[in-house]
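**Q** For reference, the file final15.tsv (TSV, C-alpha atoms) is included below:
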chain	number	residue	atom	x	y	z
A	1	MET	CA	3.80	3.01	-17.24
A	2	SER	CA	1.29	3.06	-14.43
A	3	GLU	CA	1.41	0.62	-11.59
A	4	ASN	CA	-1.99	-0.83	-10.73
A	5	ILE	CA	-3.32	-1.12	-7.21
A	6	HIS	CA	-6.29	-3.09	-5.89
A	7	ILE	CA	-8.46	-0.95	-3.63
A	8	ARG	CA	-11.56	-1.70	-1.59
A	9	ASN	CA	-14.06	-3.12	-4.08
A	10	GLU	CA	-11.37	-5.03	-5.98
A	11	LYS	CA	-11.51	-2.45	-8.76
A	12	GLU	CA	-8.07	-2.05	-10.27
A	13	ILE	CA	-6.90	1.56	-10.23
A	14	SER	CA	-3.61	3.23	-11.09
A	15	LEU	CA	-1.14	4.50	-8.52
A	16	GLU	CA	-2.00	8.10	-9.35
A	17	GLU	CA	-5.72	7.36	-8.99
A	18	ALA	CA	-5.03	5.88	-5.55
A	19	VAL	CA	-3.06	8.99	-4.55
A	20	VAL	CA	-5.76	11.40	-5.74
A	21	SER	CA	-8.42	9.29	-4.02
A	22	LEU	CA	-6.52	9.35	-0.71
A	23	LEU	CA	-5.97	13.10	-0.97
A	24	LYS	CA	-9.69	13.68	-1.60
A	25	GLU	CA	-10.68	11.30	1.20
A	26	LYS	CA	-8.44	13.18	3.66
A	27	ASN	CA	-9.38	16.59	2.23
A	28	LEU	CA	-5.75	17.46	1.48
A	29	THR	CA	-4.03	19.39	-1.29
A	30	VAL	CA	-0.72	18.51	-2.95
A	31	THR	CA	1.93	20.23	-5.01
A	32	THR	CA	5.05	19.03	-6.81
A	33	ALA	CA	8.60	20.35	-7.05
A	34	GLU	CA	10.46	18.60	-9.84
A	35	SER	CA	13.95	18.89	-11.24
A	36	CYS	CA	15.06	15.85	-13.26
A	37	THR	CA	11.50	14.58	-13.80
A	38	ALA	CA	10.50	17.96	-15.29
A	39	GLY	CA	6.78	17.62	-14.60
A	40	LEU	CA	6.25	13.87	-14.98
A	41	VAL	CA	4.89	13.53	-11.43
A	42	ALA	CA	2.46	16.41	-11.97
A	43	ALA	CA	1.43	14.98	-15.35
A	44	ARG	CA	0.56	11.63	-13.80
A	45	ILE	CA	-1.55	13.31	-11.13
A	46	MET	CA	-3.26	15.43	-13.81
A	47	ASN	CA	-4.13	12.24	-15.74
A	48	VAL	CA	-6.72	11.56	-13.03
A	49	ALA	CA	-10.17	13.05	-13.54
A	50	GLY	CA	-10.95	15.34	-10.63
A	51	ALA	CA	-7.30	15.98	-9.76
A	52	SER	CA	-8.03	19.71	-9.77
A	53	TYR	CA	-9.73	19.25	-6.39
A	54	VAL	CA	-6.38	18.37	-4.82
A	55	TYR	CA	-3.77	19.96	-7.12
A	56	SER	CA	-3.58	23.61	-8.18
A	57	GLU	CA	0.07	24.33	-8.95
A	58	GLY	CA	3.52	22.81	-9.21
A	59	TYR	CA	7.11	23.81	-9.84
A	60	ILE	CA	9.74	22.69	-12.31
A	61	THR	CA	13.00	23.93	-10.84
A	62	TYR	CA	15.79	22.54	-12.95
A	63	SER	CA	18.43	25.13	-12.04
A	64	ASP	CA	19.82	25.90	-8.60
A	65	ASP	CA	18.64	29.49	-9.03
A	66	ALA	CA	15.07	28.32	-9.62
A	67	LYS	CA	15.24	26.05	-6.57
A	68	ARG	CA	16.32	29.03	-4.49
A	69	LYS	CA	13.92	31.59	-6.01
A	70	LEU	CA	10.74	29.49	-6.21
A	71	LEU	CA	11.18	27.00	-3.39
A	72	GLY	CA	13.44	28.77	-0.92
A	73	VAL	CA	16.20	26.14	-1.02
A	74	ARG	CA	19.08	27.69	0.86
A	75	LYS	CA	22.24	28.65	-1.01
A	76	GLU	CA	24.24	27.01	1.79
A	77	THR	CA	22.42	23.71	1.23
A	78	LEU	CA	23.18	23.74	-2.48
A	79	GLU	CA	26.83	24.66	-1.88
A	80	LYS	CA	27.42	22.11	0.87
A	81	TYR	CA	25.33	19.16	-0.37
A	82	THR	CA	24.59	20.04	-4.06
A	83	ALA	CA	21.24	19.91	-5.81
A	84	VAL	CA	21.36	16.11	-5.83
A	85	SER	CA	21.02	15.45	-2.13
A	86	GLU	CA	18.64	14.41	0.60
A	87	GLU	CA	18.87	17.89	2.10
A	88	THR	CA	17.90	19.62	-1.15
A	89	ALA	CA	15.00	17.21	-1.78
A	90	LEU	CA	13.61	17.97	1.69
A	91	GLU	CA	13.97	21.73	1.30
A	92	MET	CA	12.34	21.53	-2.14
A	93	ALA	CA	9.32	19.66	-0.73
A	94	ALA	CA	8.91	21.99	2.25
A	95	GLY	CA	9.37	25.07	0.07
A	96	ALA	CA	6.86	23.87	-2.50
A	97	ALA	CA	4.24	23.21	0.17
A	98	LYS	CA	4.80	26.66	1.62
A	99	SER	CA	4.76	28.43	-1.76
A	100	ALA	CA	1.61	26.63	-2.92
A	101	GLY	CA	-0.12	26.65	0.45
A	102	ALA	CA	-0.52	22.87	0.09
A	103	ASP	CA	-0.87	20.22	2.77
A	104	ALA	CA	1.47	17.86	0.94
A	105	ALA	CA	4.35	18.15	-1.49
A	106	ILE	CA	6.54	15.75	-3.37
A	107	SER	CA	9.96	16.72	-4.73
A	108	VAL	CA	12.34	14.98	-7.11
A	109	THR	CA	15.99	15.87	-7.74
A	110	GLY	CA	18.73	13.75	-9.26
A	111	ILE	CA	20.83	12.74	-12.22
A	112	ALA	CA	18.74	11.17	-14.97
A	113	GLY	CA	21.66	10.72	-17.37
A	114	PRO	CA	23.21	9.87	-19.66
A	115	GLY	CA	25.87	12.35	-18.48
A	116	GLY	CA	26.35	14.41	-15.35
A	117	GLY	CA	27.20	11.60	-12.97
A	118	THR	CA	30.30	11.26	-10.84
A	119	GLU	CA	31.72	8.43	-8.76
A	120	GLU	CA	30.09	9.96	-5.65
A	121	LYS	CA	26.82	10.77	-7.40
A	122	PRO	CA	26.31	8.41	-10.34
A	123	VAL	CA	23.75	8.62	-13.10
A	124	GLY	CA	20.47	7.22	-11.78
A	125	LEU	CA	20.88	8.67	-8.27
A	126	ILE	CA	17.61	10.40	-7.45
A	127	TYR	CA	16.26	11.78	-4.18
A	128	ILE	CA	12.54	12.07	-3.53
A	129	GLY	CA	11.30	14.32	-0.75
A	130	CYS	CA	7.84	14.19	0.77
A	131	PHE	CA	6.21	16.82	2.97
A	132	LEU	CA	2.91	15.98	4.63
A	133	ARG	CA	1.44	18.39	7.19
A	134	GLY	CA	4.85	19.36	8.52
A	135	GLU	CA	6.29	15.83	8.57
A	136	MET	CA	9.07	15.17	6.10
A	137	THR	CA	10.66	12.06	4.68
A	138	VAL	CA	13.13	11.38	1.90
A	139	LYS	CA	13.93	8.36	-0.23
A	140	GLU	CA	17.20	7.71	-2.05
A	141	CYS	CA	16.81	5.79	-5.31
A	142	HIS	CA	19.30	4.25	-7.70
A	143	PHE	CA	18.02	3.54	-11.19
A	144	GLU	CA	19.95	1.93	-14.04
A	145	GLY	CA	17.91	2.80	-17.11
A	146	ASP	CA	18.36	5.38	-19.80
A	147	ARG	CA	17.34	9.00	-19.20
A	148	MET	CA	13.62	8.50	-19.84
A	149	GLU	CA	13.48	5.22	-17.92
A	150	ASN	CA	15.15	6.87	-14.90
A	151	ARG	CA	12.77	9.84	-15.03
A	152	THR	CA	9.72	7.59	-15.40
A	153	ALA	CA	10.84	5.32	-12.56
A	154	ALA	CA	11.46	8.34	-10.33
A	155	ALA	CA	7.96	9.69	-10.98
A	156	GLY	CA	6.49	6.31	-10.01
A	157	GLU	CA	8.58	6.13	-6.84
A	158	ALA	CA	7.53	9.68	-5.92
A	159	LEU	CA	3.85	8.78	-6.18
A	160	GLN	CA	4.45	5.56	-4.24
A	161	LEU	CA	6.18	7.47	-1.43
A	162	LEU	CA	3.33	9.97	-1.24
A	163	LYS	CA	0.78	7.14	-1.17
A	164	GLN	CA	2.65	5.39	1.66
A	165	GLN	CA	2.79	8.59	3.69
A	166	LEU	CA	-0.91	9.28	3.13
A	167	MET	CA	-1.83	5.75	4.21
A	168	THR	CA	0.18	5.96	7.43
A	169	GLU	CA	-1.03	9.43	8.38
Now that the file is in, can you turn its structure into structure tokens?
**A**
Amino acid sequence: MSENIHIRNEKEISLEEAVVSLLKEKNLTVTTAESCTAGLVAARIMNVAGASYVYSEGYITYSDDAKRKLLGVRKETLEKYTAVSEETALEMAAGAAKSAGADAAISVTGIAGPGGGTEEKPVGLIYIGCFLRGEMTVKECHFEGDRMENRTAAAGEALQLLKQQLMTE
């Protein structure tokens, strides 16, 4: 499900088209680091013709080992805060940008469900990290759908966060 945005000439474009357009306009590159969304954010970006000008690689790091090996997430971060945390989302985004040599990175980590949740970290808790030219921000989301609905919603929120950061840069 793509959200539609009205831009400039009143032409309706999708959220991912708006993101790719902003990246091109600012001459920036982007990468993704995804855990629970398993490539949905990257897939939405790749749905846009010309996305190859701004996107060259991404990372699906479902396990803690992959987060450490590919993105440089610190073992101490994972032990102290777990993979589902603001801290991990931020380290994932920064690590992805560094690994890919990208100007921007978006990361997603959380509990899509139906199992895996706890009272402290329930199903639907997802953190989205955004790195843009050294500036970092994170968004905590709580979704109440099934596994696919939570993953799809998280991908949309990730693109929305990146769009907001690009527009305020």
**Q** In file coordinates, which residues lie within 12 Å of (8.5, 15.6, -9.8) using only C-alpha atoms, given as a PyMOL selection string?
**A** chain A and resi 30-45+58-62+89+92-93+96+105-110+126-130+151-159+161-162
**Q** Would you list the contacts of Glu169 of chain A as a list of chain:residue names, taking every protein, DNA or RNA residue within 12 Å and counting all atoms listed in the file, but skipping same-chain residues closer than 6 positions in sequence?
**A** A:Leu22, A:Leu23, A:Lys26, A:Leu28, A:Ala104, A:Phe131, A:Leu132, A:Arg133, A:Gly134, A:Glu135, A:Met136, A:Leu162, A:Lys163
**Q** In terms of the shortest atom-to-atom distance over all atoms listed in the file, which of A:Gln160, A:Lys69, A:Ser52, A:Ser14 is closest to Gly95 of chain A?
**A** A:Lys69
**Q** Mind pulling up the distance from atom CA of Glu91 of chain A to atom CA of Val138 of chain A?
**A** 10.4 Å
**Q** Pick the closest to Lys67 of chain A from A:Thr29, A:Thr88, A:Asn47, A:Asn150: which is it, counting only C-alpha atoms?
**A** A:Thr88
**Q** If you measure from atom CA of Val84 of chain A to atom CA of Leu125 of chain A, what distance in Å do you get, rounded to one decimal?
**A**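 These atoms are spaced 7.8 Å apart.
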